[in-house]
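Structure below is structure-v2.cif: mmCIF, C-alpha atoms.
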data_model
#
loop_
_atom_site.label_atom_id
_atom_site.label_comp_id
_atom_site.auth_asym_id
_atom_site.auth_seq_id
_atom_site.Cartn_x
_atom_site.Cartn_y
_atom_site.Cartn_z
CA MET A 415 12.24 -0.23 -9.84
CA LYS A 416 14.87 -2.87 -9.10
CA SER A 417 17.50 -0.16 -8.61
CA GLU A 418 15.17 1.70 -6.27
CA LEU A 419 14.59 -1.42 -4.20
CA PHE A 420 18.30 -2.10 -3.91
CA LYS A 421 18.79 1.42 -2.55
CA HIS A 422 16.84 0.26 0.50
CA GLN A 423 18.57 -3.09 0.91
CA ASP A 424 19.26 -4.22 4.48
CA LEU A 425 21.40 -7.35 4.44
CA LYS A 426 20.81 -8.18 8.12
CA PHE A 427 17.07 -7.97 7.54
CA LYS A 428 17.46 -10.13 4.43
CA ALA A 429 19.23 -12.85 6.43
CA PHE A 430 16.58 -12.75 9.15
CA HIS A 431 13.53 -12.54 6.92
CA SER A 432 14.66 -15.23 4.49
CA LYS A 433 14.34 -17.76 7.30
CA LEU A 434 10.65 -16.88 7.67
CA ILE A 435 9.81 -17.61 4.04
CA PRO A 436 11.33 -21.05 3.36
CA THR A 437 9.49 -21.48 0.05
CA VAL A 438 11.33 -18.46 -1.40
CA ASP A 439 14.83 -18.74 -2.88
CA PRO A 440 17.06 -16.50 -0.68
CA ASP A 441 18.82 -15.27 -3.83
CA THR A 442 15.56 -13.58 -4.84
CA VAL A 443 15.26 -11.68 -1.55
CA ILE A 444 16.72 -8.17 -1.58
CA GLY A 445 16.06 -7.29 2.05
CA VAL A 446 13.66 -4.33 2.04
CA ARG A 447 11.47 -3.67 5.05
CA THR A 448 7.69 -3.62 4.71
CA PRO A 449 7.11 0.07 5.64
CA ILE A 450 9.42 1.11 2.82
CA LEU A 451 7.57 -1.10 0.32
CA LYS A 452 4.22 0.31 1.42
CA LYS A 453 5.55 3.85 1.04
CA LEU A 454 6.84 3.07 -2.45
CA ALA A 455 3.48 1.57 -3.43
CA LYS A 456 1.60 4.70 -2.36
CA GLN A 457 4.14 6.89 -4.12
CA MET A 458 3.83 4.94 -7.37
CA ILE A 459 0.05 5.26 -7.25
CA SER A 460 0.14 8.99 -6.49
CA GLU A 461 2.54 9.54 -9.39
CA ASN A 462 0.56 7.18 -11.65
CA LYS A 463 3.61 4.97 -12.24
CA TRP A 464 2.15 1.71 -11.02
CA ARG A 465 0.46 0.28 -14.12
CA GLU A 466 3.66 -0.40 -16.03
CA PHE A 467 5.22 -2.07 -13.02
CA ILE A 468 2.37 -4.51 -12.35
CA SER A 469 2.03 -5.35 -16.04
CA CYS A 470 5.62 -6.67 -16.13
CA PHE A 471 5.45 -9.94 -14.27
CA PRO A 472 6.19 -12.59 -13.18
CA HIS A 473 8.66 -10.71 -11.03
CA TYR A 474 12.03 -12.11 -10.08
CA TYR A 475 12.48 -10.58 -6.65
CA TYR A 476 10.40 -11.31 -3.57
CA GLU A 477 10.10 -7.59 -2.81
CA GLU A 478 8.77 -6.94 -6.30
CA ASN A 479 5.93 -9.35 -5.54
CA ASN A 480 5.27 -7.64 -2.21
CA LEU A 481 5.31 -4.22 -3.84
CA HIS A 482 2.82 -5.55 -6.39
CA ALA A 483 0.60 -6.79 -3.54
CA PHE A 484 0.76 -3.44 -1.73
CA ILE A 485 -0.15 -1.56 -4.91
CA LEU A 486 -3.24 -3.74 -5.39
CA SER A 487 -4.14 -3.19 -1.74
CA GLU A 488 -4.27 0.59 -2.32
CA LEU A 489 -6.47 0.60 -5.43
CA LYS A 490 -9.87 2.22 -4.91
CA ASP A 491 -11.76 0.74 -7.86
CA TYR A 492 -13.02 -2.69 -6.79
CA ASP A 493 -13.71 -4.10 -10.25
CA GLU A 494 -10.26 -3.16 -11.52
CA CYS A 495 -8.63 -4.36 -8.31
CA VAL A 496 -10.22 -7.81 -8.29
CA LYS A 497 -9.36 -8.29 -11.96
CA LEU A 498 -5.72 -7.51 -11.22
CA VAL A 499 -5.74 -9.71 -8.12
CA ASP A 500 -6.96 -12.62 -10.25
CA ARG A 501 -4.08 -12.04 -12.66
CA PHE A 502 -1.52 -11.90 -9.86
CA LEU A 503 -2.61 -14.75 -7.59
CA PRO A 504 -1.21 -17.61 -9.75
CA TYR A 505 2.25 -16.10 -9.31
CA VAL A 506 2.12 -15.80 -5.51
CA ASN A 507 4.57 -18.34 -4.10
CA ASN A 508 4.76 -17.68 -0.38
CA TRP A 509 2.62 -16.94 2.66
CA ALA A 510 3.97 -13.43 3.27
CA THR A 511 3.13 -11.99 -0.14
CA CYS A 512 -0.25 -13.70 0.07
CA ASP A 513 -1.11 -12.36 3.51
CA GLN A 514 0.05 -8.80 2.86
CA MET A 515 -2.40 -8.36 0.00
CA ARG A 516 -5.48 -6.89 1.69
CA PRO A 517 -7.23 -4.61 -0.80
CA LYS A 518 -9.01 -1.65 0.76
CA SER A 519 -11.59 -1.77 -2.01
CA PHE A 520 -12.85 -5.09 -0.64
CA ASN A 521 -14.24 -3.37 2.45
CA LYS A 522 -17.29 -1.89 0.72
CA ASN A 523 -17.97 -4.63 -1.82
CA HIS A 524 -18.86 -7.68 0.23
CA ASP A 525 -21.73 -8.71 -2.06
CA LYS A 526 -19.48 -8.81 -5.11
CA LEU A 527 -16.48 -10.19 -3.25
CA ILE A 528 -18.03 -13.31 -1.79
CA GLY A 529 -18.46 -14.92 -5.20
CA ARG A 530 -14.78 -14.45 -5.93
CA VAL A 531 -13.91 -15.91 -2.53
CA PHE A 532 -15.77 -19.12 -3.33
CA GLU A 533 -13.81 -19.41 -6.59
CA TRP A 534 -10.45 -18.73 -4.95
CA ILE A 535 -11.02 -21.34 -2.27
CA LYS A 536 -11.83 -23.96 -4.91
CA SER A 537 -8.60 -23.25 -6.81
CA ASP A 538 -5.92 -25.91 -7.29
CA LYS A 539 -3.22 -23.37 -6.41
CA PRO A 540 -2.44 -23.41 -2.66
CA TYR A 541 -1.74 -19.71 -2.21
CA THR A 542 -4.92 -18.79 -4.07
CA VAL A 543 -6.80 -21.04 -1.65
CA ARG A 544 -4.98 -19.44 1.26
CA PHE A 545 -5.86 -15.98 -0.03
CA GLY A 546 -9.52 -16.96 -0.33
CA ILE A 547 -9.67 -18.24 3.24
CA GLU A 548 -7.80 -15.19 4.51
CA THR A 549 -10.25 -12.93 2.69
CA LEU A 550 -13.11 -14.67 4.49
CA MET A 551 -11.29 -14.24 7.77
CA VAL A 552 -10.54 -10.54 7.27
CA TYR A 553 -13.74 -9.33 5.64
CA PHE A 554 -16.43 -11.83 6.69
CA SER A 555 -15.77 -12.83 10.30
CA LYS A 556 -16.88 -9.92 12.46
CA THR A 557 -19.52 -8.68 10.03
CA HIS A 558 -21.22 -10.11 6.92
CA PHE A 559 -20.80 -13.59 8.40
CA ASP A 560 -22.79 -16.56 7.15
CA GLU A 561 -22.62 -20.12 8.52
CA ARG A 562 -22.11 -21.48 5.02
CA PHE A 563 -18.62 -19.98 5.15
CA VAL A 564 -17.78 -22.46 7.91
CA ASP A 565 -18.82 -25.35 5.69
CA LEU A 566 -16.80 -23.89 2.82
CA VAL A 567 -13.56 -23.81 4.81
CA LYS A 568 -14.23 -27.17 6.45
CA GLY A 569 -14.53 -28.61 2.96
CA VAL A 570 -10.99 -27.61 1.98
CA LYS A 571 -8.87 -30.75 1.74
CA SER A 572 -5.19 -30.00 1.40
CA GLU A 573 -1.88 -31.30 2.69
CA HIS A 574 -0.16 -28.02 1.91
CA TYR A 575 1.24 -26.64 5.17
CA TYR A 576 0.33 -23.02 4.49
CA VAL A 577 -3.23 -23.90 3.53
CA LYS A 578 -3.67 -26.03 6.67
CA MET A 579 -2.22 -23.22 8.78
CA MET A 580 -4.66 -20.71 7.28
CA ILE A 581 -7.59 -23.04 8.03
CA ALA A 582 -6.52 -23.11 11.66
CA TRP A 583 -6.01 -19.35 11.72
CA TYR A 584 -9.47 -18.85 10.23
CA PHE A 585 -11.25 -20.92 12.87
CA ALA A 586 -9.19 -19.46 15.72
CA THR A 587 -10.22 -15.99 14.55
CA LEU A 588 -13.82 -17.07 14.13
CA LEU A 589 -13.85 -18.17 17.78
CA VAL A 590 -13.40 -14.49 18.65
CA TYR A 591 -16.38 -13.25 16.66
CA GLN A 592 -18.63 -16.28 16.15
CA TRP A 593 -18.01 -18.44 19.21
CA ASP A 594 -21.27 -20.41 19.32
CA VAL A 595 -21.01 -21.58 15.72
CA THR A 596 -17.28 -22.23 15.75
CA VAL A 597 -16.96 -24.06 19.04
CA LYS A 598 -19.41 -26.67 17.73
CA VAL A 599 -16.96 -27.44 14.92
CA LEU A 600 -14.35 -28.26 17.56
CA GLN A 601 -16.75 -30.10 19.82
CA ASN A 602 -17.79 -32.36 16.96
CA ARG A 603 -14.17 -32.81 15.73
CA GLU A 604 -15.16 -31.65 12.26
CA LEU A 605 -11.64 -30.57 11.28
CA GLY A 606 -8.64 -32.71 10.53
CA GLU A 607 -6.67 -33.63 13.65
CA TRP A 608 -3.79 -31.31 12.80
CA GLU A 609 -6.08 -28.38 12.00
CA HIS A 610 -8.09 -29.01 15.17
CA LYS A 611 -5.03 -28.93 17.42
CA LYS A 612 -3.55 -25.89 15.66
CA THR A 613 -6.86 -24.02 15.93
CA VAL A 614 -6.96 -24.61 19.67
CA GLN A 615 -3.31 -23.62 20.00
CA LYS A 616 -3.83 -20.36 18.15
CA ALA A 617 -6.97 -19.61 20.16
CA LEU A 618 -5.07 -20.18 23.42
CA GLU A 619 -2.43 -17.70 22.24
CA SER A 620 -5.05 -15.05 21.45
CA PHE A 621 -5.53 -12.01 23.68
CA ARG A 622 -9.10 -11.68 22.37
CA ILE A 623 -10.47 -14.86 23.93
CA SER A 624 -11.40 -14.97 27.62
CA LYS A 625 -9.70 -17.19 30.18
CA GLU A 626 -12.94 -19.09 30.74
CA LYS A 627 -13.27 -19.90 27.05
CA LYS A 628 -9.62 -20.90 26.83
CA ASP A 629 -10.08 -23.26 29.76
CA TYR A 630 -12.95 -24.91 27.90
CA LEU A 631 -10.96 -25.14 24.65
CA ARG A 632 -8.22 -27.04 26.48
CA SER A 633 -10.73 -29.81 27.12
CA LEU A 634 -11.58 -30.30 23.46
#
Rewrite the structure from the file as C-alpha cells, please.
Amino acid sequence: MKSELFKHQDLKFKAFHSKLIPTVDPDTVIGVRTPILKKLAKQMISENKWREFISCFPHYYYEENNLHAFILSELKDYDECVKLVDRFLPYVNNWATCDQMRPKSFNKNHDKLIGRVFEWIKSDKPYTVRFGIETLMVYFSKTHFDERFVDLVKGVKSEHYYVKMMIAWYFATLLVYQWDVTVKVLQNRELGEWEHKKTVQKALESFRISKEKKDYLRSL
C-alpha cells in the first residue's frame, strides 16, 4: 500500500498540509489528498483487501493512518467497527486523523454507541477523548440528545489544545441544535475561560446561528 500511496504524492500539498498538523512529523507525511484516500478505502473494501492492511499497525505514514480511519468509516457492521475503532484509537496522534473517522455504522446504533462514548471521553489519551466528544457532536446533537451529555463534556478537564478546541466546537455546535440548554452553560460561565471564549468565537463564525443570537452571545 505504501507504493500505491506514493503514486499519488503531491509535494506542494504535503508542504501545505504539514503546517496544519503540527503534532505530526513532516517526514511521515506523503502528501496524498483526502478524496484519493477515501477512494482507496472504498476500493480496498470492495476488493476485500482491507483486513490485512488494518491489522498491520502502528502505521508509519500519516496517510496510512487516514486510510485506516476511512476504512473503518465505511464498515457496515457496527460491532466489528467499534471493536476495530477501539484498537486503533490509541495510535491516533493528530486532530485530522481523529476527525476524519466518522463510521457510518454509528448512525443506526445510538443505543449501543453512547456507552462507548462515555468510555472514550474518560480516557487518558487526548485524541480518544477528542474522538468521544466529536462522536457526541456528530451523532447526538441534533437528535438523540440528552442533557447529561452537556455535563459529561463540561466535566472534561484537560490542558491539551486539541481537546479544549473540541470542547469549544461541541458547545458551539450544540448552540445550533440545543440553544436553550447550551446558552445557560455560557450564561453561568460553566466552562473554562478559554473554552468559553472559543465557543463564542466559533458560534459567531457559524452560518447556522441567527444574527439576533450572535448579538446576544457577544454580551456573554
- Message: At a cut-off of 12 Å, using only C-alpha atoms, what residues contact A:Asp594? Leave out same-chain residues fewer than 6 positions from it and give the result as a PyMOL selection string.
- Response: chain A and resi 561+585+588+600-601+627
- Spell out the residues picked by the PyMOL selection byres ((chain A and resi 618) around 12) here, as a PyMOL selection string. chain A and resi 583+586-587+589-590+611-617+619-633
- Write out as a PyMOL selection string which residues come within 10 Å of stretch 464-468 of chain A when counting only C-alpha atoms, dropping same-chain ones fewer than 6 positions away. chain A and resi 415+454-458+478-479+481-483+485-486+498+501-502
- One residue among A:Tyr584, A:Val443, A:Leu425, A:Glu477 is nearest to A:Thr511 when using only C-alpha atoms, and that residue is A:Glu477
- Message: Please return as number ranges by chain every residue within 12 Å of (-10.3, -5.1, -6.6), taking into account only C-alpha atoms and the file's own coordinates.
- Response: A: 483, 485-502, 515-524, 526-527, 530
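Between atom CA of A:Ile528 and atom CA of A:Pro472 there is a distance of 26.8 Å.
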- Message: If we draw a sphere of 12 Å around (15.2, -20.0, -7.8), which residues have at least one atom in it when counting only C-alpha atoms? Please report them as a PyMOL selection string.
- Response: chain A and resi 436-443+473-476+507
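Between atom CA of A:Phe471 and atom CA of A:Val577 the interatomic distance comes to 24.2 Å.
When only C-alpha atoms are used to compute distances to A:Asn508, the closest of the residues A:Lys428, A:Arg544, A:His422, A:Lys598 turns out to be A:Arg544.
Straight-line separation from atom CA of A:Gln592 to atom CA of A:Gln514: 24.1 Å.
When only C-alpha atoms are used to measure the gap to A:Trp593, the shortest distance among A:Cys512, A:Ile459, A:Val552, A:Val564 belongs to A:Val564.
When all atoms listed in the file are used to compute distances to A:Met579, the closest of the residues A:Trp509, A:Lys536, A:Glu604, A:Phe427 turns out to be A:Trp509.
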- Message: Can you spell out as a ChimeraX atom specification the set of residues that the PyMOL selection byres ((chain A and resi 533) around 12) selects in the structure I just provided?
- Response: /A:500,527-532,534-539,542-547,549,566
- Query: When distances are computed from all atoms listed in the file, which of A:Cys470, A:Leu503, A:Val570, A:Val595 shows the smallest separation from A:Ser555?
  - Reply: A:Val595
- Query: For A:Glu548, which residue out of A:Lys452, A:Phe563, A:Val446, A:Met580 is the nearest one, using all atoms listed in the file?
  - Reply: A:Met580
